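File shown: coords.tsv (TSV, C-alpha atoms).
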```tsv
chain	number	residue	atom	x	y	z
A	156	MET	CA	101.29	83.70	126.57
A	157	LEU	CA	100.62	87.23	125.30
A	158	LYS	CA	103.91	88.51	126.73
A	159	ARG	CA	105.91	85.75	125.05
A	160	PHE	CA	104.04	86.30	121.77
A	161	SER	CA	104.77	90.04	121.88
A	162	HIS	CA	108.45	89.43	122.59
A	163	THR	CA	108.77	87.00	119.68
A	164	PHE	CA	106.95	89.38	117.35
A	165	THR	CA	109.21	92.28	118.38
A	166	ILE	CA	112.33	90.33	117.49
A	167	LEU	CA	110.91	89.32	114.11
A	168	GLN	CA	109.69	92.85	113.47
A	169	ARG	CA	113.20	94.24	114.05
A	170	VAL	CA	114.61	91.84	111.48
A	171	VAL	CA	112.01	92.80	108.89
A	172	THR	CA	112.31	96.49	109.72
A	173	SER	CA	116.07	96.45	109.27
A	174	THR	CA	115.71	94.81	105.87
A	175	TYR	CA	112.96	97.26	104.92
A	176	LEU	CA	114.98	100.33	105.87
A	177	LEU	CA	117.99	99.15	103.93
A	178	GLY	CA	115.83	98.82	100.83
A	179	SER	CA	116.61	95.12	100.43
A	180	THR	CA	114.10	92.45	99.55
A	181	ILE	CA	113.15	89.49	101.68
A	182	SER	CA	114.39	86.33	100.04
A	183	SER	CA	111.31	84.09	100.23
A	184	PRO	CA	107.70	84.81	99.16
A	185	LEU	CA	105.05	85.24	101.83
A	186	PRO	CA	102.45	82.43	101.86
A	187	ALA	CA	98.83	83.48	102.33
A	188	ASN	CA	98.24	84.66	105.90
A	189	ALA	CA	101.76	83.72	107.03
A	190	ALA	CA	103.43	85.91	109.64
A	191	LEU	CA	104.97	89.27	108.79
A	192	PRO	CA	103.75	90.45	105.39
A	193	LEU	CA	106.30	91.71	102.90
A	194	PRO	CA	106.67	95.45	102.27
A	195	LEU	CA	104.47	96.79	99.46
A	196	HIS	CA	105.07	99.26	96.68
A	197	ILE	CA	103.15	100.48	93.67
A	198	GLN	CA	104.40	99.57	90.21
A	199	GLY	CA	102.27	101.00	87.42
A	200	THR	CA	98.71	99.97	88.26
A	201	GLN	CA	99.76	97.04	90.44
A	202	VAL	CA	100.39	96.53	94.15
A	203	MET	CA	103.64	94.57	94.45
A	204	ASN	CA	105.54	93.08	97.35
A	205	SER	CA	109.29	93.32	97.89
A	206	ASN	CA	109.80	90.17	95.80
A	207	ASN	CA	108.12	92.03	92.92
A	208	GLN	CA	105.12	89.71	93.07
A	209	PRO	CA	101.61	91.12	92.52
A	210	VAL	CA	99.53	91.28	95.71
A	211	TRP	CA	95.75	91.06	95.63
A	212	LEU	CA	94.35	92.83	98.69
A	213	ARG	CA	90.96	91.59	99.94
A	214	GLY	CA	89.49	92.21	103.35
A	215	VAL	CA	87.13	94.18	105.56
A	216	ASP	CA	86.76	97.49	107.34
A	217	ALA	CA	86.68	97.26	111.15
A	218	ALA	CA	84.95	100.34	112.59
A	219	SER	CA	84.73	101.71	116.15
A	220	MET	CA	88.17	103.23	116.80
A	221	GLU	CA	86.91	106.46	115.25
A	222	TRP	CA	84.04	106.90	117.73
A	223	THR	CA	85.49	105.11	120.78
A	224	SER	CA	88.88	104.96	122.43
A	225	ASP	CA	88.67	101.26	123.34
A	226	GLY	CA	87.18	99.62	120.25
A	227	GLN	CA	84.16	98.76	122.40
A	228	GLY	CA	86.18	95.89	123.81
A	229	HIS	CA	85.73	93.88	120.59
A	230	ILE	CA	88.28	95.25	118.16
A	231	LEU	CA	91.14	92.79	118.77
A	232	THR	CA	88.76	89.84	118.51
A	233	THR	CA	87.26	91.35	115.37
A	234	ILE	CA	90.69	91.55	113.76
A	235	HIS	CA	91.50	87.97	114.72
A	236	VAL	CA	88.18	86.64	113.36
A	237	ALA	CA	88.47	88.64	110.14
A	238	VAL	CA	91.95	87.32	109.38
A	239	LYS	CA	91.90	83.80	110.82
A	240	ASP	CA	88.28	82.78	110.22
A	241	TRP	CA	87.26	84.95	107.27
A	242	HIS	CA	90.73	84.89	105.66
A	243	ALA	CA	91.06	88.62	105.01
A	244	ASN	CA	94.58	89.63	104.03
A	245	ILE	CA	93.97	93.31	104.77
A	246	ILE	CA	92.05	95.26	107.42
A	247	ARG	CA	91.03	98.90	107.11
A	248	LEU	CA	90.97	100.52	110.55
A	249	PRO	CA	89.19	103.91	110.86
A	250	LEU	CA	90.79	106.28	113.39
A	251	SER	CA	90.28	109.69	115.00
A	252	GLN	CA	92.95	112.39	115.07
A	253	ASP	CA	91.57	113.78	118.34
A	254	ARG	CA	91.72	110.42	120.09
A	255	TRP	CA	95.32	109.89	118.95
A	256	PHE	CA	96.30	113.00	120.90
A	257	GLY	CA	93.88	112.34	123.79
A	258	LYS	CA	91.66	115.31	122.92
A	259	ALA	CA	88.31	113.50	122.93
A	260	ARG	CA	85.92	113.82	125.86
A	261	GLY	CA	86.59	111.29	128.61
A	262	GLN	CA	90.11	110.38	127.50
A	263	GLN	CA	92.91	110.22	130.05
A	264	PHE	CA	96.70	110.12	129.94
A	265	LYS	CA	96.82	112.20	126.74
A	266	GLY	CA	95.68	109.33	124.51
A	267	LYS	CA	98.25	106.78	125.66
A	268	HIS	CA	95.73	103.92	125.94
A	269	TYR	CA	94.32	104.67	122.49
A	270	ARG	CA	97.77	104.68	120.92
A	271	THR	CA	98.69	101.45	122.73
A	272	LEU	CA	95.56	99.72	121.45
A	273	ILE	CA	96.33	100.77	117.87
A	274	GLN	CA	99.78	99.27	118.26
A	275	LYS	CA	98.27	95.99	119.51
A	276	ILE	CA	95.95	95.94	116.51
A	277	VAL	CA	98.82	96.53	114.10
A	278	HIS	CA	100.93	93.82	115.74
A	279	THR	CA	98.00	91.41	115.65
A	280	CYS	CA	97.39	92.02	111.94
A	281	ASN	CA	101.01	91.76	110.93
A	282	SER	CA	101.72	88.69	113.07
A	283	LEU	CA	98.77	86.94	111.39
A	284	GLY	CA	100.11	87.84	107.96
A	285	SER	CA	97.59	90.58	107.24
A	286	TYR	CA	98.20	94.08	105.97
A	287	ILE	CA	96.41	96.96	107.64
A	288	ILE	CA	95.24	100.33	106.34
A	289	LEU	CA	95.38	102.93	109.09
A	290	ASP	CA	92.67	105.34	108.03
A	291	MET	CA	92.35	108.95	109.24
A	292	HIS	CA	88.57	108.79	109.39
A	293	TRP	CA	87.31	111.49	111.78
A	294	SER	CA	88.61	115.04	112.09
A	295	ASP	CA	87.51	118.24	113.89
A	296	GLU	CA	87.48	121.33	111.59
A	297	GLY	CA	90.82	122.40	113.05
A	298	VAL	CA	89.59	122.76	116.64
A	299	TRP	CA	90.66	120.02	119.05
A	300	GLY	CA	87.73	118.21	120.66
A	301	ASN	CA	85.22	120.12	118.53
A	302	GLN	CA	82.73	118.42	116.21
A	303	ILE	CA	84.71	115.17	116.12
A	304	GLY	CA	83.36	113.32	113.12
A	305	GLN	CA	83.29	113.13	109.34
A	306	HIS	CA	84.07	116.45	107.66
A	307	LYS	CA	84.54	117.71	104.12
A	308	MET	CA	88.32	117.87	104.25
A	309	PRO	CA	91.33	117.42	106.52
A	310	ASP	CA	92.48	120.38	108.61
A	311	LYS	CA	95.59	121.64	110.41
A	312	ASN	CA	95.10	119.04	113.15
A	313	THR	CA	95.06	116.30	110.50
A	314	LEU	CA	98.45	117.56	109.41
A	315	ALA	CA	99.69	117.33	113.00
A	316	PHE	CA	98.26	113.81	113.19
A	317	TRP	CA	100.21	112.57	110.19
A	318	LYS	CA	103.46	114.16	111.29
A	319	SER	CA	103.11	112.26	114.57
A	320	PHE	CA	101.44	109.07	113.34
A	321	ALA	CA	103.62	108.37	110.31
A	322	ARG	CA	106.74	108.65	112.42
A	323	VAL	CA	105.45	105.87	114.68
A	324	TYR	CA	104.51	103.45	111.87
A	325	ARG	CA	107.08	104.31	109.23
A	326	ASN	CA	109.04	101.09	109.85
A	327	TYR	CA	106.07	98.72	109.72
A	328	PRO	CA	106.08	97.05	106.29
A	329	GLY	CA	102.52	95.72	106.70
A	330	VAL	CA	101.02	99.20	107.26
A	331	LEU	CA	99.37	101.42	104.64
A	332	PHE	CA	98.28	105.00	105.37
A	333	ASP	CA	94.84	106.26	104.27
A	334	LEU	CA	95.25	110.04	104.22
A	335	TYR	CA	91.62	111.07	104.78
A	336	ASN	CA	88.27	109.36	104.61
A	337	GLU	CA	85.75	110.53	102.00
A	338	PRO	CA	86.45	114.15	101.03
A	339	HIS	CA	83.23	115.70	99.75
A	340	ASP	CA	81.53	118.87	98.51
A	341	ILE	CA	84.81	120.42	97.38
A	342	SER	CA	86.64	120.89	94.07
A	343	TRP	CA	89.56	118.83	92.85
A	344	GLN	CA	91.73	121.91	93.26
A	345	VAL	CA	90.88	122.11	96.97
A	346	TRP	CA	91.22	118.33	97.24
A	347	LYS	CA	94.84	118.42	96.13
A	348	TYR	CA	96.05	121.82	97.33
A	349	GLY	CA	93.67	122.84	100.14
A	350	GLY	CA	91.81	126.10	100.74
A	351	PRO	CA	88.94	127.59	102.76
A	352	VAL	CA	86.01	125.27	103.40
A	353	THR	CA	82.68	126.11	105.06
A	354	GLU	CA	80.44	123.58	106.78
A	355	ASN	CA	77.16	123.84	108.65
A	356	ASP	CA	76.77	122.19	112.03
A	357	ARG	CA	74.17	119.44	111.61
A	358	LYS	CA	72.57	120.17	114.99
A	359	THR	CA	72.70	123.95	115.28
A	360	GLY	CA	72.99	124.98	111.63
A	361	LYS	CA	75.86	127.32	112.57
A	362	SER	CA	78.49	127.82	109.85
A	363	MET	CA	82.15	127.04	110.43
A	364	THR	CA	84.93	128.01	108.03
A	365	TYR	CA	88.36	126.44	108.31
A	366	ARG	CA	91.44	126.05	106.16
A	367	ALA	CA	91.42	122.63	104.52
A	368	VAL	CA	94.79	120.94	104.09
A	369	GLY	CA	95.26	119.42	100.64
A	370	MET	CA	96.10	115.78	100.06
A	371	GLN	CA	99.47	116.62	98.56
A	372	THR	CA	100.42	118.47	101.75
A	373	LEU	CA	99.38	115.47	103.86
A	374	LEU	CA	101.40	113.11	101.67
A	375	ASN	CA	104.42	115.40	101.87
A	376	ALA	CA	104.07	115.43	105.67
A	377	VAL	CA	104.05	111.63	105.75
A	378	ARG	CA	107.17	111.45	103.60
A	379	SER	CA	108.92	114.11	105.69
A	380	THR	CA	109.00	111.61	108.57
A	381	GLY	CA	110.92	109.10	106.48
A	382	ALA	CA	107.85	106.89	106.03
A	383	LYS	CA	107.80	105.18	102.63
A	384	ASN	CA	104.62	103.17	103.32
A	385	VAL	CA	102.09	102.89	100.50
A	386	VAL	CA	99.51	105.67	100.87
A	387	VAL	CA	95.78	105.42	100.09
A	388	ALA	CA	93.93	108.49	98.77
A	389	GLY	CA	90.18	108.71	98.13
A	390	GLY	CA	88.78	111.29	95.74
A	391	ILE	CA	85.87	113.72	95.95
A	392	ASN	CA	82.15	112.88	96.27
A	393	TRP	CA	82.83	110.80	99.38
A	394	ALA	CA	85.67	108.93	97.60
A	395	TYR	CA	83.41	107.81	94.75
A	396	ASP	CA	84.60	110.16	92.00
A	397	MET	CA	87.92	109.14	90.42
A	398	THR	CA	87.87	111.42	87.37
A	399	GLY	CA	90.36	113.91	88.82
A	400	PHE	CA	92.99	111.19	89.12
A	401	LEU	CA	92.79	110.77	85.36
A	402	ASN	CA	92.87	114.51	84.67
A	403	GLY	CA	95.87	116.02	86.38
A	404	TYR	CA	95.13	115.51	90.07
A	405	GLN	CA	97.19	112.46	90.91
A	406	LEU	CA	99.53	112.94	93.85
A	407	SER	CA	103.28	113.31	93.39
A	408	ASP	CA	105.25	110.75	95.38
A	409	PRO	CA	108.90	110.65	94.27
A	410	ASN	CA	110.20	109.62	97.71
A	411	GLY	CA	107.79	106.88	98.72
A	412	ASN	CA	106.45	103.47	97.76
A	413	GLY	CA	103.51	104.94	95.91
A	414	VAL	CA	99.84	105.84	96.12
A	415	ILE	CA	96.80	103.62	95.59
A	416	TYR	CA	93.57	105.50	94.90
A	417	ALA	CA	90.41	104.62	96.81
A	418	ASN	CA	86.88	104.17	95.53
A	419	HIS	CA	83.89	103.91	97.91
A	420	ASN	CA	80.93	102.32	96.17
A	421	TYR	CA	77.35	102.20	97.47
A	422	PRO	CA	74.07	101.76	95.58
A	423	PHE	CA	72.82	105.21	96.62
A	424	LYS	CA	75.55	107.00	94.62
A	425	GLY	CA	73.10	107.72	91.82
A	426	GLU	CA	74.72	105.54	89.19
A	427	THR	CA	73.93	102.05	87.97
A	428	PHE	CA	76.23	99.11	88.46
A	429	ALA	CA	77.07	99.26	84.75
A	430	GLN	CA	78.17	102.89	85.03
A	431	TRP	CA	80.38	102.12	88.04
A	432	LEU	CA	81.89	99.12	86.25
A	433	LYS	CA	82.76	101.23	83.21
A	434	GLU	CA	84.38	103.89	85.42
A	435	MET	CA	86.37	101.25	87.31
A	436	LYS	CA	87.67	99.71	84.09
A	437	THR	CA	88.74	103.14	82.85
A	438	ALA	CA	90.47	104.02	86.12
A	439	THR	CA	92.21	100.69	86.77
A	440	ALA	CA	93.70	100.75	83.28
A	441	LYS	CA	95.67	103.85	84.31
A	442	ILE	CA	96.02	103.95	88.10
A	443	PRO	CA	96.13	101.50	91.05
A	444	VAL	CA	92.75	101.34	92.81
A	445	ILE	CA	91.30	99.80	95.96
A	446	VAL	CA	87.55	99.74	96.58
A	447	SER	CA	88.04	100.36	100.29
A	448	GLU	CA	84.34	100.64	101.13
A	449	PHE	CA	81.29	99.02	99.57
A	450	GLY	CA	78.11	97.40	100.79
A	451	ALA	CA	74.32	97.51	100.83
A	452	ASN	CA	71.48	96.81	103.22
A	453	PRO	CA	68.56	94.53	102.35
A	454	ASN	CA	65.66	96.26	100.59
A	455	PRO	CA	62.67	93.92	100.32
A	456	PRO	CA	60.56	93.36	98.38
A	457	SER	CA	62.49	94.50	95.27
A	458	ASN	CA	65.79	92.83	96.28
A	459	THR	CA	67.78	95.11	93.96
A	460	ASN	CA	70.48	95.60	96.60
A	461	PHE	CA	71.05	91.84	96.72
A	462	ILE	CA	71.66	91.90	92.97
A	463	TRP	CA	73.93	94.92	93.36
A	464	ILE	CA	76.05	93.22	96.04
A	465	ARG	CA	76.47	90.09	93.95
A	466	GLU	CA	77.32	92.10	90.83
A	467	VAL	CA	79.91	94.23	92.62
A	468	LEU	CA	81.56	91.23	94.30
A	469	GLN	CA	81.62	89.36	91.00
A	470	ALA	CA	83.31	92.33	89.32
A	471	LEU	CA	85.88	92.71	92.11
A	472	GLU	CA	86.71	89.02	92.00
A	473	SER	CA	86.78	88.51	88.24
A	474	HIS	CA	88.99	91.58	87.67
A	475	HIS	CA	91.19	90.93	90.72
A	476	TRP	CA	90.50	94.44	91.98
A	477	ASN	CA	91.64	95.24	95.53
A	478	TRP	CA	88.85	95.66	98.09
A	479	THR	CA	87.73	95.97	101.70
A	480	ALA	CA	84.04	95.58	102.57
A	481	TRP	CA	82.22	97.86	105.03
A	482	ASP	CA	81.83	96.80	107.85
A	483	MET	CA	82.81	94.09	110.37
A	484	HIS	CA	80.53	95.54	113.05
A	485	PRO	CA	76.86	94.77	113.83
A	486	SER	CA	75.98	98.48	114.11
A	487	ALA	CA	78.08	100.12	111.41
A	488	SER	CA	75.73	99.75	108.49
A	489	PRO	CA	75.86	98.10	106.02
A	490	ASP	CA	76.80	95.28	108.37
A	491	LEU	CA	78.87	92.22	107.56
A	492	ILE	CA	77.92	90.59	110.88
A	493	ASN	CA	74.70	90.25	112.89
A	494	ASP	CA	76.22	90.06	116.35
A	495	TRP	CA	79.39	89.71	118.39
A	496	ASN	CA	79.39	86.00	117.65
A	497	TYR	CA	80.45	87.21	114.19
A	498	THR	CA	77.51	85.58	112.42
A	499	PRO	CA	77.61	86.79	108.79
A	500	THR	CA	74.58	88.76	107.64
A	501	SER	CA	72.55	86.79	105.11
A	502	TYR	CA	72.29	89.70	102.67
A	503	PHE	CA	75.96	90.79	102.63
A	504	GLY	CA	78.41	89.21	105.07
A	505	ILE	CA	77.88	85.66	103.88
A	506	TYR	CA	78.94	86.60	100.35
A	507	VAL	CA	82.00	88.54	101.49
A	508	LYS	CA	83.07	85.63	103.69
A	509	GLU	CA	82.66	83.19	100.80
A	510	ALA	CA	84.66	85.47	98.52
A	511	LEU	CA	87.49	85.62	101.06
A	512	ASP	CA	87.26	81.82	101.41
A	513	ASN	CA	87.40	81.49	97.60
A	514	THR	CA	84.12	79.58	97.71
A	515	LEU	CA	81.77	82.25	96.30
A	516	PRO	CA	79.94	80.81	93.25
A	517	PRO	CA	80.07	82.84	90.04
A	518	TYR	CA	77.10	85.13	89.60
A	519	THR	CA	75.22	86.27	86.52
A	520	ALA	CA	72.61	88.96	87.04
A	521	PRO	CA	69.16	88.72	85.46
A	522	PRO	CA	68.96	90.38	82.02
A	523	GLY	CA	69.01	94.15	82.32
A	524	ALA	CA	69.65	94.16	86.08
A	525	GLU	CA	73.00	95.90	85.73
A	526	ASN	CA	71.24	98.90	84.22
A	527	ASN	CA	68.63	99.27	86.97
A	528	PRO	CA	68.75	102.65	88.71
A	529	SER	CA	70.49	102.58	92.06
A	530	THR	CA	68.13	102.50	95.01
A	531	PRO	CA	68.34	104.10	98.45
A	532	GLN	CA	69.40	101.80	101.27
```
Full structure transcribed into structure tokens:
Amino acid sequence: MLKRFSHTFTILQRVVTSTYLLGSTISSPLPANAALPLPLHIQGTQVMNSNNQPVWLRGVDAASMEWTSDGQGHILTTIHVAVKDWHANIIRLPLSQDRWFGKARGQQFKGKHYRTLIQKIVHTCNSLGSYIILDMHWSDEGVWGNQIGQHKMPDKNTLAFWKSFARVYRNYPGVLFDLYNEPHDISWQVWKYGGPVTENDRKTGKSMTYRAVGMQTLLNAVRSTGAKNVVVAGGINWAYDMTGFLNGYQLSDPNGNGVIYANHNYPFKGETFAQWLKEMKTATAKIPVIVSEFGANPNPPSNTNFIWIREVLQALESHHWNWTAWDMHPSASPDLINDWNYTPTSYFGIYVKEALDNTLPPYTAPPGAENNPSTPQ
């Protein structure tokens, strides 16, 4: 069954790929969750498909491929449940540059199995009609196999990753590229153009200085492979701050299908919901945005995080802002699911699932709630 499915998908993919490379449009619109999503491009502040129809992206993040090489044995099922049962039309998949090249401890065959699994995930998403964001989530400070995890900025190995990775997925119309997850503790100048960055090892306290690669350089590397895929770029302060995009730090993309800017929103960011909402309205009036991470854990007895979740979801839905919720994993907090039966969490997942089902009731917060200070999770 799987072999026949893969063969059929390959034939269909070649047809779509040929059309995509020639720059033509596909003649008929893509129904919700139908097979093989149409290529995307950015037009002004909108995400558009190749029929020049606006596309509203709504889905989930699916973690584990950044810290494991096998998705813990659940990742393909997670993708299927998220798209078929929860009705997500986009998945954000965090990845590791070291694992792509087989540099992580315990990997064999130079990363072949990891790369094969990513391909299966992409094929599964696209065959179910879902887009997928392939997110460069974990890096290594420019030293293969060293300190694999979340760092301030991409490094020379991230550049090598994109030169290899974009070449593989440049002809997949349902794929978006997220250049780097959550840059932080750097200036906008370093964000765009790169420069020296120093970090302290969390365990030993030892300092490490490496040359950060700027986002413009990463985007240029992607385009140098011939990949025109829409690119996602998150700003500073762990992808929360979008002010630089409105003040001279947008990326230049004359040879691609455009850039959508990412916002990661959590209640511990130090701002109220009302402040975030104002900033989103300002940004989305000028640039395309996807809130590619958001979520909150329960915090009894005050329940302010429940209010925050409902307010944020209501804003995303009423403004038709693009979003993916973190995360479709029972141990990647804040969790959308309780277990590997994919039971939605009562404080978060149930509302995301209802939103994706288009059954989430409208929500009005209690008077003054939107101005409450954000609370730690």
Looking at A:Gly300, A:Gly390, A:Gly214, A:Gly381, which one is nearest to A:Thr479, with distances taken over only C-alpha atoms?
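Closest to A:Thr479, using only C-alpha atoms: A:Gly214.
Coordinates place atom CA of A:Gln302 at a distance of 19.5 Å from atom CA of A:Ala487.
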Counting only C-alpha atoms, which residues of stretch 237-315 of chain A fall within 8 Å of stretch 363-366 of chain A, and what is the closest atom pair for each with its distance in Å at one decimal, ordered by chain and rising number, as a tab-separated table?
```
residue	atom	partner	partner_atom	distance
A:Glu296	CA	A:Tyr365	CA	6.1
A:Gly297	CA	A:Tyr365	CA	6.7
A:Asp310	CA	A:Arg366	CA	6.3
A:Lys311	CA	A:Arg366	CA	7.4
```
Got time to write the residues from that selection, C-alpha atoms, as a JSON list (two decimals), keeping the file's coordinate frame?
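Contents of the output file again_36.json:
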```json
[["chain", "number", "residue", "atom", "x", "y", "z"],
["A", 296, "GLU", "CA", 87.48, 121.33, 111.59],
["A", 297, "GLY", "CA", 90.82, 122.40, 113.05],
["A", 310, "ASP", "CA", 92.48, 120.38, 108.61],
["A", 311, "LYS", "CA", 95.59, 121.64, 110.41]]
```
So what do you get for atom CA of A:Leu334 versus atom CA of A:Arg247, distance-wise?
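Pair atom CA of A:Leu334 / atom CA of A:Arg247 returns 12.3 Å.
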Can you tell me how far atom CA of A:Ile492 sits from atom CA of A:Ile505, in Å to one decimal?
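Taking atom CA of A:Ile492 and atom CA of A:Ile505, their separation equals 8.6 Å.
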Determine the nearest neighbour of A:Asn384 from the options A:Phe264, A:Tyr348, A:Tyr335, A:Tyr324, counting all atoms listed in the file.
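The answer is A:Tyr324, which sits nearest to A:Asn384.
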Between A:Leu471, A:Tyr269, A:Ile415, A:Lys361, which one has atoms that come closest to A:Val202, using all atoms listed in the file?
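Comparing A:Leu471, A:Tyr269, A:Ile415, A:Lys361 against A:Val202, the winner is A:Ile415.
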Anything within 12 Å of (100.9, 93.3, 110.1): list those residues as a PyMOL selection string, counting all atoms listed in the file and sticking to the file's coordinates.
chain A and resi 164-165+167-168+171-172+188-195+234-235+238+244-247+273-289+324+326-331
Per residue of stretch 196-261 of chain A within 8 Å of stretch 440-445 of chain A, record the nearest atom pair and its distance in Å to one decimal, counting all atoms listed in the file, with rows in chain order and ascending residue number, as a Markdown table.
```
| residue | atom | partner | partner_atom | distance |
| --- | --- | --- | --- | --- |
| A:Ile197 | CA | A:Pro443 | CA | 7.6 |
| A:Gly199 | CA | A:Ile442 | CA | 6.9 |
| A:Thr200 | CA | A:Pro443 | CA | 4.1 |
| A:Gln201 | CA | A:Pro443 | CA | 5.8 |
| A:Val202 | CA | A:Pro443 | CA | 7.2 |
```
Could you turn the residues from that selection into a file that holds C-alpha atoms, as a short mmCIF file (atom, residue, chain, number, x, y, z; two decimals), in the frame of the given file?
```cif
data_model
loop_
_atom_site.label_atom_id
_atom_site.label_comp_id
_atom_site.auth_asym_id
_atom_site.auth_seq_id
_atom_site.Cartn_x
_atom_site.Cartn_y
_atom_site.Cartn_z
CA ILE A 197 103.15 100.48 93.67
CA GLY A 199 102.27 101.00 87.42
CA THR A 200 98.71 99.97 88.26
CA GLN A 201 99.76 97.04 90.44
CA VAL A 202 100.39 96.53 94.15
#
```
I'd like the neighbourhood of stretch 253-256 of chain A as an MDAnalysis selection string, where a residue qualifies if any of its atoms comes within 12 Å (using only C-alpha atoms), though same-chain residues fewer than 3 positions away should be ignored.
chainID A and resid 219:226 249:250 259:274 291:304 310:320 323
Counting all atoms listed in the file, the residue of A:Ala470, A:Gly403, A:Ile462, A:Pro499 that sits nearest A:Lys436:
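Ranked by minimum distance to A:Lys436, first place goes to A:Ala470.
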Pick from A:Val385, A:Ile391, A:Ala243, A:Ala237 nearest to A:Lys307, counting all atoms listed in the file
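Counting all atoms listed in the file, the residue closest to A:Lys307 is A:Ile391.
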Find the residue from A:Pro517, A:Gln227, A:Trp495, A:Tyr502 that sits nearest to A:Asn460; use all atoms listed in the file when measuring.
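Once distances to A:Asn460 are computed over all atoms listed in the file, the minimum belongs to A:Tyr502.
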Please report, as AutoDock Vina command-line options, the centre and edge lengths in Å to one decimal of an axis-aligned box covering all listed atoms of stretch 255-267 of chain A with 4 Å per side.
```
--center_x 92.1 --center_y 111.0 --center_z 124.5 --size_x 20.3 --size_y 16.5 --size_z 19.1
```
Model the absent atoms of stretch 304-318 of chain A so that N, CA and C atoms are present, and write the result as a CSV table (one decimal), in the frame of the given file.
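And here is the file that came out, out.csv:
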```
chain,number,residue,atom,x,y,z
A,304,GLY,N,84.2,114.1,114.0
A,304,GLY,CA,83.4,113.3,113.1
A,304,GLY,C,83.9,113.4,111.7
A,305,GLN,N,83.0,113.1,110.8
A,305,GLN,CA,83.3,113.1,109.3
A,305,GLN,C,83.1,114.6,108.8
A,306,HIS,N,84.1,115.1,108.2
A,306,HIS,CA,84.1,116.4,107.7
A,306,HIS,C,84.5,116.5,106.2
A,307,LYS,N,84.3,117.6,105.6
A,307,LYS,CA,84.5,117.7,104.1
A,307,LYS,C,86.0,117.4,103.8
A,308,MET,N,86.9,118.0,104.6
A,308,MET,CA,88.3,117.9,104.2
A,308,MET,C,89.2,117.8,105.5
A,309,PRO,N,90.4,117.4,105.4
A,309,PRO,CA,91.3,117.4,106.5
A,309,PRO,C,91.7,118.9,106.9
A,310,ASP,N,92.2,119.0,108.1
A,310,ASP,CA,92.5,120.4,108.6
A,310,ASP,C,93.9,120.4,109.2
A,311,LYS,N,94.2,121.5,109.9
A,311,LYS,CA,95.6,121.6,110.4
A,311,LYS,C,95.9,120.6,111.5
A,312,ASN,N,94.9,120.1,112.2
A,312,ASN,CA,95.1,119.0,113.2
A,312,ASN,C,95.3,117.7,112.5
A,313,THR,N,94.8,117.5,111.3
A,313,THR,CA,95.1,116.3,110.5
A,313,THR,C,96.5,116.3,110.1
A,314,LEU,N,97.0,117.4,109.8
A,314,LEU,CA,98.4,117.6,109.4
A,314,LEU,C,99.3,117.2,110.6
A,315,ALA,N,99.0,117.7,111.8
A,315,ALA,CA,99.7,117.3,113.0
A,315,ALA,C,99.6,115.8,113.3
A,316,PHE,N,98.4,115.3,113.0
A,316,PHE,CA,98.3,113.8,113.2
A,316,PHE,C,99.3,113.0,112.3
A,317,TRP,N,99.3,113.4,111.1
A,317,TRP,CA,100.2,112.6,110.2
A,317,TRP,C,101.7,112.8,110.5
A,318,LYS,N,102.1,113.9,110.9
A,318,LYS,CA,103.5,114.2,111.3
A,318,LYS,C,103.8,113.3,112.5
```
